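Asks: Data file upload-v1.csv (CSV, C-alpha atoms) is appended below.
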chain,number,residue,atom,x,y,z
X,1,MET,CA,122.9,113.2,98.3
X,2,GLU,CA,120.7,114.0,101.3
X,3,GLU,CA,117.1,112.9,101.9
X,4,VAL,CA,115.7,115.9,100.0
X,5,VAL,CA,116.6,117.6,96.8
X,6,SER,CA,115.9,121.1,95.6
X,7,ALA,CA,113.8,122.1,92.6
X,8,ASN,CA,117.0,123.5,91.0
X,9,TRP,CA,118.8,120.1,91.5
X,10,LEU,CA,115.9,118.2,89.9
X,11,HIS,CA,115.7,120.7,86.9
X,12,GLU,CA,119.4,120.3,86.3
X,13,ASN,CA,119.2,116.5,86.3
X,14,LEU,CA,116.0,116.0,84.3
X,15,LEU,CA,118.0,114.3,81.5
X,16,ASP,CA,119.6,111.7,83.7
X,17,GLU,CA,118.5,108.5,82.0
X,18,ASN,CA,118.5,106.7,85.4
X,19,LEU,CA,116.2,109.2,87.0
X,20,ILE,CA,112.5,108.3,87.8
X,21,ILE,CA,110.3,111.2,89.0
X,22,LEU,CA,107.2,110.0,90.9
X,23,ASP,CA,104.1,112.2,91.4
X,24,ALA,CA,102.7,111.0,94.7
X,25,SER,CA,99.9,113.6,95.0
X,26,ILE,CA,96.7,112.5,96.6
X,27,ASN,CA,93.2,114.0,96.1
X,28,SER,CA,92.8,115.3,99.6
X,29,THR,CA,94.3,115.2,103.1
X,30,ALA,CA,92.6,113.6,106.1
X,31,ASN,CA,91.0,116.9,107.0
X,32,GLY,CA,89.8,117.6,103.5
X,33,LYS,CA,92.5,119.9,102.2
X,34,THR,CA,93.0,119.8,98.4
X,35,SER,CA,95.4,121.4,96.0
X,36,ASP,CA,94.6,123.7,93.1
X,37,LEU,CA,97.5,122.0,91.2
X,38,SER,CA,95.7,118.7,90.6
X,39,LEU,CA,95.7,118.8,86.8
X,40,ILE,CA,99.4,119.6,86.2
X,41,THR,CA,102.7,117.9,87.1
X,42,VAL,CA,106.5,117.9,86.6
X,43,PRO,CA,107.3,116.9,83.0
X,44,ASN,CA,108.0,113.2,82.5
X,45,SER,CA,106.8,112.3,86.0
X,46,ARG,CA,104.9,109.1,86.7
X,47,TYR,CA,101.9,108.9,88.8
X,48,PHE,CA,102.4,106.9,92.0
X,49,ASN,CA,98.9,105.9,93.0
X,50,LEU,CA,99.4,105.6,96.8
X,51,LYS,CA,95.8,105.0,97.7
X,52,ASN,CA,94.9,102.3,95.2
X,53,ASN,CA,98.1,100.6,93.9
X,54,PHE,CA,100.5,101.0,96.8
X,55,SER,CA,98.4,100.2,99.8
X,56,ASP,CA,97.4,96.8,101.3
X,57,ARG,CA,94.1,96.2,99.6
X,58,GLU,CA,93.1,93.6,102.2
X,59,ASN,CA,93.8,95.7,105.3
X,60,PRO,CA,90.8,97.7,106.6
X,61,ILE,CA,93.3,100.2,108.1
X,62,PRO,CA,93.9,102.9,105.4
X,63,ASN,CA,97.3,103.5,103.7
X,64,THR,CA,99.0,100.4,105.1
X,65,LEU,CA,102.2,99.1,103.4
X,66,PRO,CA,101.5,96.5,100.7
X,67,ASN,CA,103.5,93.2,100.7
X,68,GLU,CA,106.7,92.7,98.7
X,69,SER,CA,105.0,91.2,95.7
X,70,GLN,CA,102.4,93.9,95.3
X,71,PHE,CA,104.9,96.7,95.7
X,72,GLU,CA,107.4,95.1,93.3
X,73,TYR,CA,104.7,94.4,90.7
X,74,GLU,CA,103.4,98.0,90.8
X,75,CYS,CA,106.9,99.5,90.6
X,76,ARG,CA,107.7,97.4,87.6
X,77,ARG,CA,104.6,98.6,85.9
X,78,LEU,CA,105.9,102.2,86.4
X,79,GLY,CA,109.1,101.2,84.7
X,80,ILE,CA,111.2,101.4,87.8
X,81,ASN,CA,114.4,99.4,87.9
X,82,LYS,CA,116.8,98.1,90.5
X,83,THR,CA,119.2,100.9,89.5
X,84,SER,CA,116.7,103.7,89.3
X,85,LYS,CA,117.4,107.0,91.1
X,86,ILE,CA,113.9,108.1,92.4
X,87,VAL,CA,112.7,111.6,93.3
X,88,VAL,CA,109.2,111.8,94.8
X,89,PHE,CA,107.0,114.9,95.0
X,90,ASP,CA,103.4,115.9,95.7
X,91,ASN,CA,101.3,118.9,94.9
X,92,LEU,CA,100.8,120.1,98.5
X,93,GLY,CA,104.5,120.8,99.0
X,94,ILE,CA,105.4,118.2,101.6
X,95,TYR,CA,102.6,115.8,102.4
X,96,SER,CA,102.4,112.3,100.8
X,97,SER,CA,105.9,112.3,99.3
X,98,PRO,CA,107.7,111.4,102.6
X,99,ARG,CA,105.4,108.3,102.9
X,100,VAL,CA,106.6,107.1,99.5
X,101,TRP,CA,110.2,107.8,100.4
X,102,TRP,CA,109.8,105.6,103.5
X,103,MET,CA,108.0,102.9,101.5
X,104,PHE,CA,111.0,102.5,99.1
X,105,LYS,CA,113.4,102.4,102.1
X,106,ALA,CA,111.2,99.8,103.7
X,107,MET,CA,111.3,97.8,100.5
X,108,GLY,CA,115.1,97.9,100.4
X,109,HIS,CA,115.6,100.6,97.7
X,110,ASN,CA,117.8,103.4,99.1
X,111,ASP,CA,118.4,105.6,96.0
X,112,VAL,CA,115.2,107.7,96.7
X,113,TYR,CA,114.7,111.4,97.6
X,114,VAL,CA,111.9,113.9,98.2
X,115,LEU,CA,111.6,117.1,96.2
X,116,ASN,CA,111.6,119.8,99.0
X,117,GLY,CA,108.5,122.0,98.5
X,118,GLY,CA,107.1,119.7,95.9
X,119,LEU,CA,105.2,120.9,92.8
X,120,PRO,CA,104.5,124.4,94.3
X,121,GLU,CA,108.3,125.0,94.7
X,122,TRP,CA,108.9,123.7,91.2
X,123,ILE,CA,106.4,126.2,89.9
X,124,LYS,CA,107.7,129.0,92.1
X,125,ASN,CA,111.1,128.6,90.4
X,126,GLY,CA,109.5,129.1,87.0
X,127,PHE,CA,110.0,125.6,85.7
X,128,GLU,CA,107.8,124.1,83.1
X,129,THR,CA,104.9,121.9,83.9
X,130,SER,CA,102.9,119.4,81.9
X,131,GLU,CA,99.3,118.1,81.9
X,132,LYS,CA,98.8,115.0,84.0
X,133,LYS,CA,98.3,111.8,81.9
X,134,THR,CA,98.4,108.1,82.3
X,135,ASP,CA,101.1,106.3,80.3
X,136,LYS,CA,102.3,102.8,79.9
X,137,TYR,CA,106.0,102.1,80.5
X,138,LYS,CA,108.5,99.5,79.6
X,139,THR,CA,108.3,97.0,82.4
X,140,GLY,CA,111.1,97.5,84.9
X,141,ASP,CA,113.2,95.0,86.9
X,142,PHE,CA,112.6,96.5,90.3
X,143,LYS,CA,113.2,94.1,93.2
X,144,ALA,CA,111.5,94.6,96.6
X,145,SER,CA,113.3,93.3,99.7
X,146,PHE,CA,111.1,94.1,102.8
X,147,GLN,CA,113.1,95.5,105.7
X,148,ARG,CA,111.1,94.4,108.8
X,149,LYS,CA,113.1,96.7,111.1
X,150,HIS,CA,111.3,99.8,109.6
X,151,LEU,CA,107.8,98.7,110.5
X,152,LYS,CA,106.2,98.5,113.9
X,153,SER,CA,103.0,96.5,114.6
X,154,TYR,CA,100.2,97.0,117.1
X,155,HIS,CA,101.7,94.3,119.3
X,156,ASP,CA,105.1,96.0,119.2
X,157,ILE,CA,103.6,99.3,120.3
X,158,LEU,CA,101.5,97.6,123.0
X,159,GLU,CA,104.6,95.9,124.4
X,160,ASN,CA,106.4,99.2,124.4
X,161,VAL,CA,103.8,100.8,126.7
X,162,THR,CA,105.3,98.6,129.4
X,163,THR,CA,108.9,98.3,128.4
X,164,LYS,CA,109.3,102.0,127.3
X,165,SER,CA,112.3,100.9,125.1
X,166,TYR,CA,111.6,103.6,122.5
X,167,THR,CA,109.7,106.8,122.1
X,168,VAL,CA,106.6,107.0,120.0
X,169,ILE,CA,106.2,110.4,118.3
X,170,ASP,CA,102.6,111.3,117.2
X,171,ALA,CA,102.4,113.6,114.2
X,172,ARG,CA,98.7,114.5,114.6
X,173,SER,CA,97.5,117.9,115.8
X,174,GLU,CA,97.7,118.8,119.4
X,175,GLY,CA,93.9,118.8,119.8
X,176,ARG,CA,93.6,115.2,118.5
X,177,PHE,CA,96.6,114.1,120.6
X,178,LYS,CA,95.0,115.6,123.8
X,179,GLY,CA,91.6,114.2,123.0
X,180,ILE,CA,89.9,117.6,122.7
X,181,GLU,CA,89.6,117.7,118.9
X,182,LYS,CA,87.5,115.2,116.8
X,183,GLU,CA,89.2,112.6,114.6
X,184,PRO,CA,88.6,112.8,110.8
X,185,ARG,CA,87.4,109.2,111.0
X,186,LYS,CA,84.1,109.9,112.8
X,187,HIS,CA,83.8,106.5,114.5
X,188,LEU,CA,87.1,107.0,116.4
X,189,LYS,CA,87.7,108.9,119.6
X,190,SER,CA,90.7,111.1,119.8
X,191,GLY,CA,93.5,110.7,122.3
X,192,HIS,CA,97.0,109.2,122.3
X,193,ILE,CA,99.1,106.1,122.9
X,194,PRO,CA,100.4,106.0,126.5
X,195,ASN,CA,103.9,107.6,126.9
X,196,SER,CA,103.9,109.0,123.3
X,197,ILE,CA,104.9,112.6,122.6
X,198,ASN,CA,103.4,115.0,120.2
X,199,ILE,CA,105.2,116.8,117.3
X,200,PRO,CA,102.4,117.9,114.8
X,201,TYR,CA,103.7,117.4,111.3
X,202,ASN,CA,102.9,121.1,110.4
X,203,LYS,CA,105.5,122.2,113.0
X,204,VAL,CA,108.4,120.8,111.0
X,205,LEU,CA,107.2,122.6,107.8
X,206,GLU,CA,107.2,126.2,106.7
X,207,LYS,CA,105.5,127.3,103.6
X,208,GLY,CA,105.3,123.7,102.2
X,209,LYS,CA,109.0,123.0,102.8
X,210,PHE,CA,111.0,121.4,105.6
X,211,ARG,CA,112.3,124.0,108.1
X,212,THR,CA,116.1,124.4,108.3
X,213,GLN,CA,118.2,121.7,109.8
X,214,LEU,CA,118.9,123.8,112.9
X,215,GLU,CA,115.2,124.6,113.4
X,216,LEU,CA,114.2,121.0,113.1
X,217,LYS,CA,117.0,119.9,115.5
X,218,ARG,CA,115.7,122.3,118.2
X,219,ILE,CA,112.1,120.9,117.8
X,220,PHE,CA,113.3,117.4,118.4
X,221,GLU,CA,115.7,118.3,121.2
X,222,GLU,CA,112.8,120.1,123.1
X,223,LYS,CA,110.7,116.9,123.0
X,224,CYS,CA,113.0,113.9,122.9
X,225,THR,CA,115.8,112.4,124.8
X,226,ASN,CA,118.8,111.2,122.8
X,227,GLU,CA,119.1,107.8,124.4
X,228,LYS,CA,115.9,106.4,123.0
X,229,ASP,CA,115.0,105.1,119.5
X,230,LEU,CA,112.2,106.8,117.8
X,231,VAL,CA,109.0,105.3,116.3
X,232,PHE,CA,106.6,107.6,114.3
X,233,SER,CA,102.8,107.4,114.3
X,234,CYS,CA,99.8,109.6,113.2
X,235,GLY,CA,96.3,108.9,112.1
X,236,SER,CA,97.0,106.2,109.5
X,237,GLY,CA,100.8,106.2,108.9
X,238,LEU,CA,101.1,109.0,106.3
X,239,THR,CA,101.9,112.3,108.1
X,240,ALA,CA,104.1,110.2,110.5
X,241,CYS,CA,106.5,110.0,107.6
X,242,ILE,CA,106.8,113.8,107.4
X,243,VAL,CA,108.0,114.0,111.0
X,244,MET,CA,110.2,110.9,110.5
X,245,MET,CA,111.9,112.5,107.6
X,246,ALA,CA,112.4,115.7,109.6
X,247,SER,CA,114.2,113.6,112.2
X,248,GLU,CA,116.3,111.9,109.5
X,249,ILE,CA,117.4,115.4,108.2
X,250,SER,CA,118.2,116.9,111.6
X,251,TYR,CA,118.2,114.8,114.6
X,252,LYS,CA,118.2,111.0,114.6
X,253,LYS,CA,118.2,108.4,111.8
X,254,SER,CA,115.1,106.3,112.5
X,255,LYS,CA,112.8,105.0,109.8
X,256,GLN,CA,110.4,103.1,112.1
X,257,ILE,CA,106.7,103.7,111.4
X,258,TYR,CA,103.7,102.3,113.3
X,259,ASP,CA,101.8,101.7,110.2
X,260,GLY,CA,98.4,101.1,111.8
X,261,SER,CA,98.8,104.3,113.9
X,262,TRP,CA,96.0,105.8,115.8
X,263,THR,CA,93.3,104.3,113.6
X,264,GLU,CA,94.3,100.8,114.5
X,265,TRP,CA,95.2,101.6,118.1
X,266,ALA,CA,91.9,103.3,118.9
X,267,GLU,CA,89.9,100.5,117.4
X,268,LEU,CA,91.8,97.8,119.3
X,269,GLN,CA,92.2,99.4,122.7
X,270,ASN,CA,89.8,100.4,125.5
X,271,LEU,CA,89.8,104.1,124.9
X,272,LYS,CA,89.1,104.9,128.6
X,273,ASN,CA,92.6,103.8,129.3
X,274,VAL,CA,94.5,105.6,126.6
X,275,VAL,CA,93.5,109.2,126.5
If you convert what's in this file into structure tokens, what do you get?
Replies:
Amino acid sequence: MEEVVSANWLHENLLDENLIILDASINSTANGKTSDLSLITVPNSRYFNLKNNFSDRENPIPNTLPNESQFEYECRRLGINKTSKIVVFDNLGIYSSPRVWWMFKAMGHNDVYVLNGGLPEWIKNGFETSEKKTDKYKTGDFKASFQRKHLKSYHDILENVTTKSYTVIDARSEGRFKGIEKEPRKHLKSGHIPNSINIPYNKVLEKGKFRTQLELKRIFEEKCTNEKDLVFSCGSGLTACIVMMASEISYKKSKQIYDGSWTEWAELQNLKNVV
């Protein structure tokens, strides 16, 4: 299997007893976009509460990866096992689901995939939906094993400004990257990390789905050089995972995320030197 699965594939495999379907929908995007599909979901899916249960509760930076213990505990509460085959989707098509895909990879679970086009694509194909509800599940035996190589810290990125050993790709809009558009977090100035390049996450999508492999490859080849590793960033580590997954599909395998992203960088740096 590849990184993404189709709605048809998921429909054909709904009875797989090893399959866990996770609804990773969030209430709204950073710029306030919401979905009109907030009350329905794919049948038998389980709600993956990214904001509350699967983020570091003690970190002031939003959306940051929780520790092994928290991630393992919350996965077990959802009935996820070591042997589970996981498919993740969200109600915006492709938005928060790649973040959850990356989180499982970062915690050592590789049998995880994203539903390309998410809930809108599922509905477009005429497949049944159900009302969202909160259930209790038989406790799973999921085991987290944190893969440090997939995560970059502020100090890693700061060091790379000098060493230039890898390329940081910023998934925010061109305006925010260039410092001419305001950040959603009003206390932050816009701008970018020195030497980073800009591939806005919406450029790798078309109508809520990933563009074709060939189209994605061209996008990366126009911006990147093959000899350097890639690290992905955005505002708070979420949309970075969309561009990261696009690269996985078409260009280069690299699951490295700067989790603090621009929110952390802008707060810790002298902004006069980074725009």
Asks: Just want the 10 Å neighbourhood of X:Pro66, counted on all atoms listed in the file, with same-chain residues fewer than 4 positions away dropped. Output as a ChimeraX atom specification.
Replies: /X:53-59,70-72,103,107
Asks: Near X:Asn110, counting all atoms listed in the file, which residues have an atom at most 12 Å away, once you skip same-chain residues fewer than 2 positions from it, shown as a PyMOL selection string?
Replies: chain X and resi 1-3+82-87+100-108+112-113+143-145+147+255
Asks: Nearest to X:Leu205: which of X:Trp9, X:Tyr73, X:Tyr95, X:Phe127 is it, counting all atoms listed in the file?
Replies: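 With all atoms listed in the file as the atom set, the closest residue is X:Tyr95.
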Asks: Quick one: contact table of stretch 40-145 of chain X to stretch 222-236 of chain X, 9 Å max, nearest atom pair and distance in Å to one decimal per residue, counting only C-alpha atoms, chain and number order, as CSV?
Replies:
residue,atom,partner,partner_atom,distance
X:Ile61,CA,X:Ser236,CA,7.2
X:Pro62,CA,X:Ser236,CA,6.1
X:Asn63,CA,X:Ser236,CA,6.4
X:Thr64,CA,X:Ser236,CA,7.5
Asks: Mind checking which residues fall within 6 Å of stretch 245-251 of chain X, counting all atoms listed in the file, ignoring those fewer than 5 positions away in the same chain, and posting them as JSON, numbers by chain?
Replies: {"X": [213, 216, 217]}
Asks: For stretch 30-35 of chain X, list every protein, DNA or RNA residue within 10 Å, evaluated using all atoms listed in the file, and leave out those in the same chain fewer than 6 positions away; present the list as number ranges by chain.
Replies: X: 90-93, 120, 183-185, 235-236, 238-239
Asks: Find the residues around X:Thr139 up to 6 Å (all atoms listed in the file counted), leave out those fewer than 4 positions away in its own chain, and share them as a ChimeraX atom specification.
Replies: /X:76-77,79
Asks: Point out the residue among X:Thr41, X:Ser130, X:Thr212, X:Ser261 with the least atom-to-atom distance to X:Ala171, counting all atoms listed in the file.
Replies: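 Ranked by minimum distance to X:Ala171, first place goes to X:Ser261.
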Asks: Check the smallest atom-to-atom distance from each of X:Ile26, X:Leu78, X:Val4, X:Leu115 to X:Val42 using only C-alpha atoms, then report the winner.
Replies: X:Leu115
Asks: In Å, with one decimal, what is the gap from atom CA of X:Ile242 to atom CA of X:Pro98?
Replies: 5.4 Å
Asks: If I take atom CA of X:Val161 and atom CA of X:Asn195, how far is one from the other in Å, to one decimal?
Replies: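 Separation of atom CA of X:Val161 and atom CA of X:Asn195: 6.8 Å.
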Asks: Could you check the closest approach to X:His192 for each of X:Lys138, X:Thr263, X:Met244, X:Thr162 and tell me which residue wins, using all atoms listed in the file?
Replies: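 Closest to X:His192, using all atoms listed in the file: X:Thr263.
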Asks: Could you check which of X:Tyr258, X:Tyr166, X:Tyr47, X:Phe220 is closest to X:Glu131, using only C-alpha atoms?
Replies: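 The answer is X:Tyr47, which sits nearest to X:Glu131.
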Asks: Given the choices X:Gly118, X:Gly175, X:Pro200, X:Pro43, which gets closest to X:Ser96 if the distance is worked out from all atoms listed in the file?
Replies: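 The answer is X:Gly118, which sits nearest to X:Ser96.
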Asks: What does the distance from atom CA of X:Ile169 to atom CA of X:Val114 come to in Å, to one decimal?
Replies: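 According to the coordinates, atom CA of X:Ile169 and atom CA of X:Val114 are separated by 21.2 Å.
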Asks: Would you please take stretch 105-124 of chain X of the structure in the block above and write N, CA and C atoms to a file as a PDB file, in the first residue's frame?
Replies:
ATOM      1  N   LYS X 105       3.671   7.587  12.478  1.00  0.00           N
ATOM      2  CA  LYS X 105       5.010   7.249  12.002  1.00  0.00           C
ATOM      3  C   LYS X 105       6.061   7.645  13.043  1.00  0.00           C
ATOM      4  N   ALA X 106       5.890   8.837  13.623  1.00  0.00           N
ATOM      5  CA  ALA X 106       6.834   9.322  14.626  1.00  0.00           C
ATOM      6  C   ALA X 106       6.805   8.485  15.898  1.00  0.00           C
ATOM      7  N   MET X 107       5.693   7.782  16.116  1.00  0.00           N
ATOM      8  CA  MET X 107       5.571   6.917  17.281  1.00  0.00           C
ATOM      9  C   MET X 107       5.792   5.444  16.929  1.00  0.00           C
ATOM     10  N   GLY X 108       6.359   5.206  15.751  1.00  0.00           N
ATOM     11  CA  GLY X 108       6.810   3.863  15.414  1.00  0.00           C
ATOM     12  C   GLY X 108       5.784   2.927  14.820  1.00  0.00           C
ATOM     13  N   HIS X 109       4.598   3.441  14.475  1.00  0.00           N
ATOM     14  CA  HIS X 109       3.553   2.588  13.876  1.00  0.00           C
ATOM     15  C   HIS X 109       3.466   2.914  12.389  1.00  0.00           C
ATOM     16  N   ASN X 110       3.806   1.948  11.540  1.00  0.00           N
ATOM     17  CA  ASN X 110       3.926   2.217  10.107  1.00  0.00           C
ATOM     18  C   ASN X 110       2.696   1.843   9.292  1.00  0.00           C
ATOM     19  N   ASP X 111       1.809   1.033   9.848  1.00  0.00           N
ATOM     20  CA  ASP X 111       0.647   0.560   9.091  1.00  0.00           C
ATOM     21  C   ASP X 111      -0.481   1.595   9.190  1.00  0.00           C
ATOM     22  N   VAL X 112      -0.241   2.774   8.589  1.00  0.00           N
ATOM     23  CA  VAL X 112      -1.173   3.892   8.685  1.00  0.00           C
ATOM     24  C   VAL X 112      -1.248   4.609   7.335  1.00  0.00           C
ATOM     25  N   TYR X 113      -2.448   5.071   6.963  1.00  0.00           N
ATOM     26  CA  TYR X 113      -2.695   5.636   5.645  1.00  0.00           C
ATOM     27  C   TYR X 113      -3.700   6.776   5.756  1.00  0.00           C
ATOM     28  N   VAL X 114      -3.732   7.633   4.747  1.00  0.00           N
ATOM     29  CA  VAL X 114      -4.676   8.753   4.701  1.00  0.00           C
ATOM     30  C   VAL X 114      -5.693   8.502   3.599  1.00  0.00           C
ATOM     31  N   LEU X 115      -6.953   8.780   3.898  1.00  0.00           N
ATOM     32  CA  LEU X 115      -8.009   8.689   2.901  1.00  0.00           C
ATOM     33  C   LEU X 115      -7.925   9.918   1.998  1.00  0.00           C
ATOM     34  N   ASN X 116      -7.531   9.713   0.753  1.00  0.00           N
ATOM     35  CA  ASN X 116      -7.353  10.825  -0.178  1.00  0.00           C
ATOM     36  C   ASN X 116      -8.713  11.467  -0.492  1.00  0.00           C
ATOM     37  N   GLY X 117      -8.833  12.738  -0.167  1.00  0.00           N
ATOM     38  CA  GLY X 117     -10.097  13.445  -0.358  1.00  0.00           C
ATOM     39  C   GLY X 117     -10.991  13.430   0.858  1.00  0.00           C
ATOM     40  N   GLY X 118     -10.640  12.600   1.850  1.00  0.00           N
ATOM     41  CA  GLY X 118     -11.351  12.590   3.119  1.00  0.00           C
ATOM     42  C   GLY X 118     -12.842  12.339   3.012  1.00  0.00           C
ATOM     43  N   LEU X 119     -13.579  12.877   3.972  1.00  0.00           N
ATOM     44  CA  LEU X 119     -15.029  12.676   4.030  1.00  0.00           C
ATOM     45  C   LEU X 119     -15.752  13.218   2.793  1.00  0.00           C
ATOM     46  N   PRO X 120     -15.371  14.385   2.239  1.00  0.00           N
ATOM     47  CA  PRO X 120     -16.046  14.847   1.018  1.00  0.00           C
ATOM     48  C   PRO X 120     -15.942  13.850  -0.130  1.00  0.00           C
ATOM     49  N   GLU X 121     -14.794  13.209  -0.281  1.00  0.00           N
ATOM     50  CA  GLU X 121     -14.616  12.223  -1.349  1.00  0.00           C
ATOM     51  C   GLU X 121     -15.457  10.976  -1.076  1.00  0.00           C
ATOM     52  N   TRP X 122     -15.533  10.584   0.185  1.00  0.00           N
ATOM     53  CA  TRP X 122     -16.363   9.441   0.582  1.00  0.00           C
ATOM     54  C   TRP X 122     -17.827   9.690   0.193  1.00  0.00           C
ATOM     55  N   ILE X 123     -18.311  10.882   0.501  1.00  0.00           N
ATOM     56  CA  ILE X 123     -19.692  11.247   0.185  1.00  0.00           C
ATOM     57  C   ILE X 123     -19.894  11.359  -1.326  1.00  0.00           C
ATOM     58  N   LYS X 124     -18.911  11.934  -2.014  1.00  0.00           N
ATOM     59  CA  LYS X 124     -18.983  12.086  -3.465  1.00  0.00           C
ATOM     60  C   LYS X 124     -19.174  10.739  -4.164  1.00  0.00           C
TER      61      LYS X 124
END
